[in-house]
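Participant: Data: work-v7.pdb, PDB, C-alpha atoms.
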```pdb
ATOM      1  CA  MET A  75      88.316 139.991  90.191
ATOM      2  CA  PRO A  76      85.192 142.048  90.988
ATOM      3  CA  SER A  77      85.437 145.304  92.936
ATOM      4  CA  THR A  78      85.125 144.775  96.677
ATOM      5  CA  LEU A  79      83.535 147.388  98.900
ATOM      6  CA  GLU A  80      84.632 148.027 102.457
ATOM      7  CA  GLY A  81      83.128 145.377 104.698
ATOM      8  CA  GLN A  82      82.965 142.825 101.874
ATOM      9  CA  ILE A  83      85.161 139.823 101.104
ATOM     10  CA  THR A  84      85.666 138.598  97.550
ATOM     11  CA  MET A  85      86.292 134.857  97.247
ATOM     12  CA  GLU A  86      87.552 132.923  94.234
ATOM     13  CA  LYS A  87      87.935 129.150  93.957
ATOM     14  CA  THR A  88      90.358 127.403  91.599
ATOM     15  CA  PRO A  89      91.828 124.117  92.918
ATOM     16  CA  SER A  90      94.634 124.080  90.335
ATOM     17  CA  TYR A  91      96.185 127.262  91.773
ATOM     18  CA  PHE A  92      97.802 125.236  94.566
ATOM     19  CA  VAL A  93      99.830 123.141  92.102
ATOM     20  CA  THR A  94     100.514 125.855  89.479
ATOM     21  CA  ASN A  95     104.079 127.172  89.667
ATOM     22  CA  ASP A  96     103.309 130.775  88.660
ATOM     23  CA  ALA A  97     100.245 131.187  90.893
ATOM     24  CA  PRO A  98     101.912 132.225  94.213
ATOM     25  CA  LYS A  99     103.986 134.997  92.618
ATOM     26  CA  ARG A 100     101.111 136.319  90.492
ATOM     27  CA  ILE A 101      98.586 136.342  93.336
ATOM     28  CA  HIS A 102     101.116 137.994  95.652
ATOM     29  CA  SER A 103     101.836 140.715  93.080
ATOM     30  CA  MET A 104      98.085 141.321  92.680
ATOM     31  CA  ALA A 105      97.233 141.453  96.404
ATOM     32  CA  ARG A 106      99.874 140.475  98.944
ATOM     33  CA  ASP A 107      97.380 140.536 101.839
ATOM     34  CA  THR A 108      95.221 137.831 100.199
ATOM     35  CA  LYS A 109      94.155 135.067 102.572
ATOM     36  CA  LEU A 110      94.423 131.549 101.197
ATOM     37  CA  ILE A 111      92.234 128.563 102.054
ATOM     38  CA  ILE A 112      93.496 125.130 101.030
ATOM     39  CA  VAL A 113      91.402 121.972 101.392
ATOM     40  CA  VAL A 114      93.531 118.830 101.702
ATOM     41  CA  ARG A 115      92.698 115.184 102.181
ATOM     42  CA  ASN A 116      94.587 111.896 102.425
ATOM     43  CA  PRO A 117      96.674 111.973  99.225
ATOM     44  CA  VAL A 118      95.996 108.292  98.500
ATOM     45  CA  THR A 119      92.210 108.816  98.652
ATOM     46  CA  ARG A 120      92.656 112.035  96.650
ATOM     47  CA  ALA A 121      94.561 110.188  93.893
ATOM     48  CA  ILE A 122      91.884 107.478  93.621
ATOM     49  CA  SER A 123      89.174 110.151  93.489
ATOM     50  CA  ASP A 124      91.112 112.005  90.787
ATOM     51  CA  TYR A 125      91.402 108.790  88.764
ATOM     52  CA  THR A 126      87.676 108.063  89.238
ATOM     53  CA  GLN A 127      86.808 111.496  87.789
ATOM     54  CA  THR A 128      89.041 110.927  84.749
ATOM     55  CA  LEU A 129      87.717 107.385  84.271
ATOM     56  CA  SER A 130      84.137 108.691  84.079
ATOM     57  CA  LYS A 131      85.136 110.902  81.137
ATOM     58  CA  ARG A 132      87.645 108.537  79.512
ATOM     59  CA  PRO A 133      86.677 104.918  80.258
ATOM     60  CA  GLU A 134      89.396 103.626  77.927
ATOM     61  CA  ILE A 135      92.304 104.734  80.165
ATOM     62  CA  PRO A 136      94.546 102.092  81.816
ATOM     63  CA  THR A 137      93.836 100.870  85.338
ATOM     64  CA  PHE A 138      94.888 102.903  88.379
ATOM     65  CA  GLU A 139      97.447 100.227  89.225
ATOM     66  CA  VAL A 140      99.097 100.549  85.787
ATOM     67  CA  LEU A 141      99.246 104.355  85.871
ATOM     68  CA  ALA A 142     100.576 104.531  89.438
ATOM     69  CA  PHE A 143     103.831 102.689  88.714
ATOM     70  CA  LYS A 144     106.802 103.151  86.426
ATOM     71  CA  ASN A 145     107.758  99.595  87.308
ATOM     72  CA  ARG A 146     105.413  97.689  89.618
ATOM     73  CA  THR A 147     107.762  94.735  90.038
ATOM     74  CA  LEU A 148     110.451  97.043  91.405
ATOM     75  CA  GLY A 149     107.847  99.131  93.238
ATOM     76  CA  LEU A 150     108.805 102.334  91.380
ATOM     77  CA  ILE A 151     105.927 104.771  91.764
ATOM     78  CA  ASP A 152     105.321 107.262  88.951
ATOM     79  CA  ALA A 153     105.307 110.557  90.854
ATOM     80  CA  SER A 154     105.075 112.441  87.548
ATOM     81  CA  TRP A 155     101.470 111.203  87.081
ATOM     82  CA  SER A 156      99.408 114.249  88.031
ATOM     83  CA  ALA A 157      96.950 112.251  90.162
ATOM     84  CA  LEU A 158      99.863 111.313  92.441
ATOM     85  CA  ARG A 159     101.979 114.460  92.129
ATOM     86  CA  ILE A 160      99.185 116.751  93.353
ATOM     87  CA  GLY A 161      99.165 114.857  96.672
ATOM     88  CA  ILE A 162     102.788 115.776  97.448
ATOM     89  CA  TYR A 163     101.424 118.751  99.372
ATOM     90  CA  ALA A 164     104.748 119.748 100.993
ATOM     91  CA  LEU A 165     106.269 120.314  97.549
ATOM     92  CA  HIS A 166     103.504 122.701  96.479
ATOM     93  CA  LEU A 167     103.261 124.481  99.828
ATOM     94  CA  GLU A 168     106.962 125.307  99.666
ATOM     95  CA  SER A 169     106.273 127.536  96.636
ATOM     96  CA  TRP A 170     103.460 129.382  98.408
ATOM     97  CA  MET A 171     105.469 129.949 101.578
ATOM     98  CA  GLN A 172     108.060 131.866  99.556
ATOM     99  CA  TYR A 173     105.426 134.571  99.089
ATOM    100  CA  PHE A 174     102.841 134.204 101.878
ATOM    101  CA  PRO A 175     103.335 133.771 105.636
ATOM    102  CA  LEU A 176     101.631 130.809 107.276
ATOM    103  CA  SER A 177      99.347 133.257 109.115
ATOM    104  CA  GLN A 178      97.666 134.012 105.757
ATOM    105  CA  ILE A 179      97.092 130.362 104.877
ATOM    106  CA  HIS A 180      94.325 128.212 106.375
ATOM    107  CA  PHE A 181      94.181 124.450 105.853
ATOM    108  CA  VAL A 182      90.839 122.645 105.850
ATOM    109  CA  SER A 183      90.825 118.897 106.510
ATOM    110  CA  GLY A 184      88.808 117.249 103.733
ATOM    111  CA  GLU A 185      88.020 114.345 106.076
ATOM    112  CA  ARG A 186      86.794 116.633 108.876
ATOM    113  CA  LEU A 187      84.793 118.698 106.382
ATOM    114  CA  ILE A 188      82.685 115.595 105.664
ATOM    115  CA  VAL A 189      82.116 114.455 109.261
ATOM    116  CA  ASP A 190      82.005 117.894 110.926
ATOM    117  CA  PRO A 191      81.326 120.571 108.280
ATOM    118  CA  ALA A 192      80.145 123.132 110.834
ATOM    119  CA  GLY A 193      83.321 122.708 112.891
ATOM    120  CA  GLU A 194      85.540 123.269 109.851
ATOM    121  CA  MET A 195      83.426 126.238 108.738
ATOM    122  CA  THR A 196      83.768 127.803 112.197
ATOM    123  CA  LYS A 197      87.563 127.739 111.749
ATOM    124  CA  VAL A 198      87.225 129.261 108.254
ATOM    125  CA  GLN A 199      84.982 132.044 109.521
ATOM    126  CA  ASP A 200      87.419 132.805 112.357
ATOM    127  CA  PHE A 201      90.340 132.846 109.899
ATOM    128  CA  LEU A 202      88.502 135.342 107.676
ATOM    129  CA  GLY A 203      87.470 137.486 110.640
ATOM    130  CA  LEU A 204      83.765 136.836 110.055
ATOM    131  CA  LYS A 205      80.934 136.337 112.523
ATOM    132  CA  ARG A 206      80.164 132.676 113.144
ATOM    133  CA  ILE A 207      76.957 132.626 111.105
ATOM    134  CA  VAL A 208      77.280 129.199 109.452
ATOM    135  CA  THR A 209      76.599 126.527 112.095
ATOM    136  CA  ASP A 210      75.316 122.943 112.489
ATOM    137  CA  LYS A 211      71.803 123.983 111.494
ATOM    138  CA  HIS A 212      73.055 124.828 107.982
ATOM    139  CA  PHE A 213      74.026 121.230 107.170
ATOM    140  CA  TYR A 214      72.485 117.825 106.770
ATOM    141  CA  PHE A 215      74.203 114.609 105.716
ATOM    142  CA  ASN A 216      73.206 113.070 102.384
ATOM    143  CA  LYS A 217      73.649 109.306 102.849
ATOM    144  CA  THR A 218      73.375 108.639  99.113
ATOM    145  CA  LYS A 219      76.234 110.982  98.244
ATOM    146  CA  GLY A 220      78.192 110.403 101.424
ATOM    147  CA  PHE A 221      78.657 114.168 101.812
ATOM    148  CA  PRO A 222      76.967 116.942 103.789
ATOM    149  CA  CYS A 223      74.571 119.283 101.976
ATOM    150  CA  LEU A 224      74.097 122.978 102.655
ATOM    151  CA  LYS A 225      70.662 124.241 103.631
ATOM    152  CA  LYS A 226      69.138 127.577 104.589
ATOM    153  CA  PRO A 227      67.415 127.096 107.948
ATOM    154  CA  GLU A 228      65.383 130.285 107.468
ATOM    155  CA  ASP A 229      63.497 129.019 104.404
ATOM    156  CA  SER A 230      62.202 125.793 102.898
ATOM    157  CA  SER A 231      64.187 125.903  99.650
ATOM    158  CA  ALA A 232      65.885 122.691  98.542
ATOM    159  CA  PRO A 233      69.312 122.039 100.090
ATOM    160  CA  ARG A 234      72.395 122.505  97.902
ATOM    161  CA  CYS A 235      74.249 119.237  97.458
ATOM    162  CA  LEU A 236      77.358 118.379  95.476
ATOM    163  CA  GLY A 237      76.835 117.802  91.757
ATOM    164  CA  LYS A 238      76.817 114.539  89.819
ATOM    165  CA  SER A 239      80.595 114.606  89.370
ATOM    166  CA  LYS A 240      81.100 114.290  93.148
ATOM    167  CA  GLY A 241      80.561 111.277  95.377
ATOM    168  CA  ARG A 242      81.152 108.688  92.661
ATOM    169  CA  THR A 243      81.892 105.142  93.816
ATOM    170  CA  HIS A 244      85.624 104.525  93.622
ATOM    171  CA  PRO A 245      86.886 101.495  91.674
ATOM    172  CA  LYS A 246      88.344  98.663  93.744
ATOM    173  CA  ILE A 247      92.117  99.125  93.966
ATOM    174  CA  ASP A 248      94.608  96.371  94.793
ATOM    175  CA  PRO A 249      95.298  96.678  98.574
ATOM    176  CA  ASP A 250      99.023  96.164  97.945
ATOM    177  CA  VAL A 251      99.053  99.245  95.687
ATOM    178  CA  ILE A 252      97.279 101.294  98.351
ATOM    179  CA  ARG A 253      99.792 100.107 100.958
ATOM    180  CA  ARG A 254     102.715 101.078  98.711
ATOM    181  CA  LEU A 255     101.214 104.502  98.077
ATOM    182  CA  HIS A 256     100.775 105.133 101.816
ATOM    183  CA  LYS A 257     104.437 104.254 102.251
ATOM    184  CA  PHE A 258     105.417 106.573  99.363
ATOM    185  CA  TYR A 259     103.461 109.536 100.752
ATOM    186  CA  LYS A 260     104.412 109.099 104.421
ATOM    187  CA  PRO A 261     107.651 111.188 104.409
ATOM    188  CA  PHE A 262     105.935 113.938 102.387
ATOM    189  CA  ASN A 263     102.974 113.927 104.790
ATOM    190  CA  MET A 264     105.320 114.222 107.778
ATOM    191  CA  MET A 265     107.013 117.190 106.100
ATOM    192  CA  PHE A 266     103.608 118.767 105.410
ATOM    193  CA  TYR A 267     102.527 118.310 109.047
ATOM    194  CA  GLN A 268     105.740 119.996 110.163
ATOM    195  CA  MET A 269     105.335 122.899 107.726
ATOM    196  CA  THR A 270     101.702 123.565 108.674
ATOM    197  CA  GLY A 271     101.895 122.748 112.381
ATOM    198  CA  GLN A 272      98.902 120.424 111.880
ATOM    199  CA  ASN A 273      98.691 116.642 112.048
ATOM    200  CA  PHE A 274      95.997 115.449 109.638
ATOM    201  CA  GLN A 275      96.386 111.855 110.898
ATOM    202  CA  TRP A 276      96.339 110.263 107.462
ATOM    203  CA  GLU A 277      98.533 107.469 108.777
ATOM    204  CA  GLN A 278      95.644 106.396 111.040
ATOM    205  CA  GLU A 279      93.582 105.605 107.923
ATOM    206  CA  GLU A 280      96.370 103.343 106.682
ATOM    207  CA  LYS A 281      95.987 101.151 109.784
ATOM    208  CA  ARG A 282      92.247 100.662 109.387
TER     209      ARG A 282
END
```
Hey, can you dump this file as structure tokens for me?
Facilitator:
Amino acid sequence: MPSTLEGQITMEKTPSYFVTNDAPKRIHSMARDTKLIIVVRNPVTRAISDYTQTLSKRPEIPTFEVLAFKNRTLGLIDASWSALRIGIYALHLESWMQYFPLSQIHFVSGERLIVDPAGEMTKVQDFLGLKRIVTDKHFYFNKTKGFPCLKKPEDSSAPRCLGKSKGRTHPKIDPDVIRRLHKFYKPFNMMFYQMTGQNFQWEQEEKR
């Protein structure tokens, strides 16, 4: 980590930390006052997105439906498949809460970040004790990507949008598989809501 002067904040981004067993203990031993920001989204959507990324690199892999089940006839979901296991957020959060109080952890809704990026960034800035500098004027929605892009309102430089690996079209998944996955995740989501004190309303998406 680079040296940080007084009045500065050093940020580091590695998504895999959240699901790595040794990470909470090691980060705590390095700097116990570290503030953690975790972006979460509907675990079913997250799993399909994860699969889409892998599929783009390895087109020969089996279908999502095949990988998601140990036995589809019996409805046995393969929770050891990393694309599904990552979405059991309550399981991973439990490890972090052994070392960090909830007051040092901020959860960003991946869904809200897309539809209201400025609103989510306001919460992040408040959590970090920063002035609310990033506002609505720093974003515009890219319809092609389906995600907001970051722009500097003070100059005319090109906006920064997500790279080619983001915003890929998801493959069509059997609706019955999606329904079963929602059912699988529901108790874990409820536990996660209880642990965080936040309701991310992923069950509302299931009803759409």
Participant: Given all atoms listed in the file as the basis, pick out the residue of A:Arg253, A:Asn145, A:Ala192, A:Glu277 nearest to Leu224 of chain A.
Facilitator: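 Of the candidates, the smallest distance to Leu224 of chain A is held by A:Ala192.
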Participant: Give me the residues near Arg100 of chain A as a CSV table (one decimal) with C-alpha atoms, in the coordinates of the input, where near means some atom within 12 Å (using all atoms listed in the file) and where sequence neighbours in that chain fewer than 6 positions away do not count.
Facilitator:
```csv
chain,number,residue,atom,x,y,z
A,91,TYR,CA,96.2,127.3,91.8
A,94,THR,CA,100.5,125.9,89.5
A,106,ARG,CA,99.9,140.5,98.9
A,108,THR,CA,95.2,137.8,100.2
A,169,SER,CA,106.3,127.5,96.6
A,170,TRP,CA,103.5,129.4,98.4
A,173,TYR,CA,105.4,134.6,99.1
A,174,PHE,CA,102.8,134.2,101.9
```
Participant: So what does the PyMOL selection byres ((chain A and resi 161-168) around 10) actually pick up in this one, as a ChimeraX atom specification?
Facilitator: /A:91-95,98,112,114-121,153,156-160,169-174,176,179,258-270
Participant: Quick one: which residues end up in the PyMOL selection byres ((chain A and resi 189) around 9) for this structure, as a compact mmCIF listing (two decimals) with C-alpha atoms, in the frame of the given file?
Facilitator:
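Output below, filename out.txt:
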```
# COMPACT_ATOMS: atom_id res chain seq x y z
CA GLU A 185 88.02 114.34 106.08
CA ARG A 186 86.79 116.63 108.88
CA LEU A 187 84.79 118.70 106.38
CA ILE A 188 82.68 115.60 105.66
CA ASP A 190 82.00 117.89 110.93
CA PRO A 191 81.33 120.57 108.28
CA PHE A 215 74.20 114.61 105.72
CA PHE A 221 78.66 114.17 101.81
CA PRO A 222 76.97 116.94 103.79
```
Participant: Residues at most 8 Å from segment 136-138 of chain A, counting all atoms listed in the file, excluding those fewer than 3 positions away in the same chain, as a PyMOL selection string?
Facilitator: chain A and resi 122+125+141-142+247
Participant: Any idea what the distance is between atom CA of Thr196 of chain A and atom CA of Asp210 of chain A?
Facilitator: 9.8 Å
Participant: Convert the output of the PyMOL selection byres ((chain A and resi 84) around 12) on the shown file into explicit residues, formatted as a PyMOL selection string.
Facilitator: chain A and resi 75-83+85-87+105+108-110+202
Participant: Please determine, counting only C-alpha atoms, which residue among A:Thr128, A:Glu134, A:Ile111, A:Phe274 has the shortest atom-to-atom distance to Lys197 of chain A.
Facilitator: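 Checking each candidate against Lys197 of chain A, we get A:Ile111 as the closest.
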Participant: Quick check, in Å to one decimal: how far apart do atom CA of Glu228 of chain A and atom CA of Phe201 of chain A lie?
Facilitator: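 Going from atom CA of Glu228 of chain A over to atom CA of Phe201 of chain A covers 25.2 Å.
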Participant: Quick check, in Å to one decimal: how far apart do atom CA of His212 of chain A and atom CA of Lys226 of chain A lie?
Facilitator: 5.9 Å
Participant: From (80.9, 116.5, 94.7), in the file's coordinates, out to 10 Å: which residues are reached, counting only C-alpha atoms? Answer as number ranges by chain.
Facilitator: A: 219-222, 235-242
Participant: Smallest atom-to-atom distance to Asn216 of chain A: which of A:Pro233, A:Asp96, A:Leu204, A:Gln272, using only C-alpha atoms?
Facilitator: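 Closest to Asn216 of chain A of all the choices is A:Pro233.
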Participant: Find the residue from A:Thr218, A:Gln199, A:Ser103, A:Asn273 that sits nearest to Thr243 of chain A; use all atoms listed in the file when measuring.
Facilitator: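 Among the listed residues, A:Thr218 lies closest to Thr243 of chain A.
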Participant: Once 5 Å is added on each side, what centre and edge lengths in Å to one decimal does the axis-aligned box around all listed atoms of segment 105-122 of chain A have, as lines of an AutoDock Vina configuration file?
Facilitator:
```
center_x = 95.6
center_y = 124.5
center_z = 98.1
size_x = 18.5
size_y = 44.0
size_z = 19.0
```
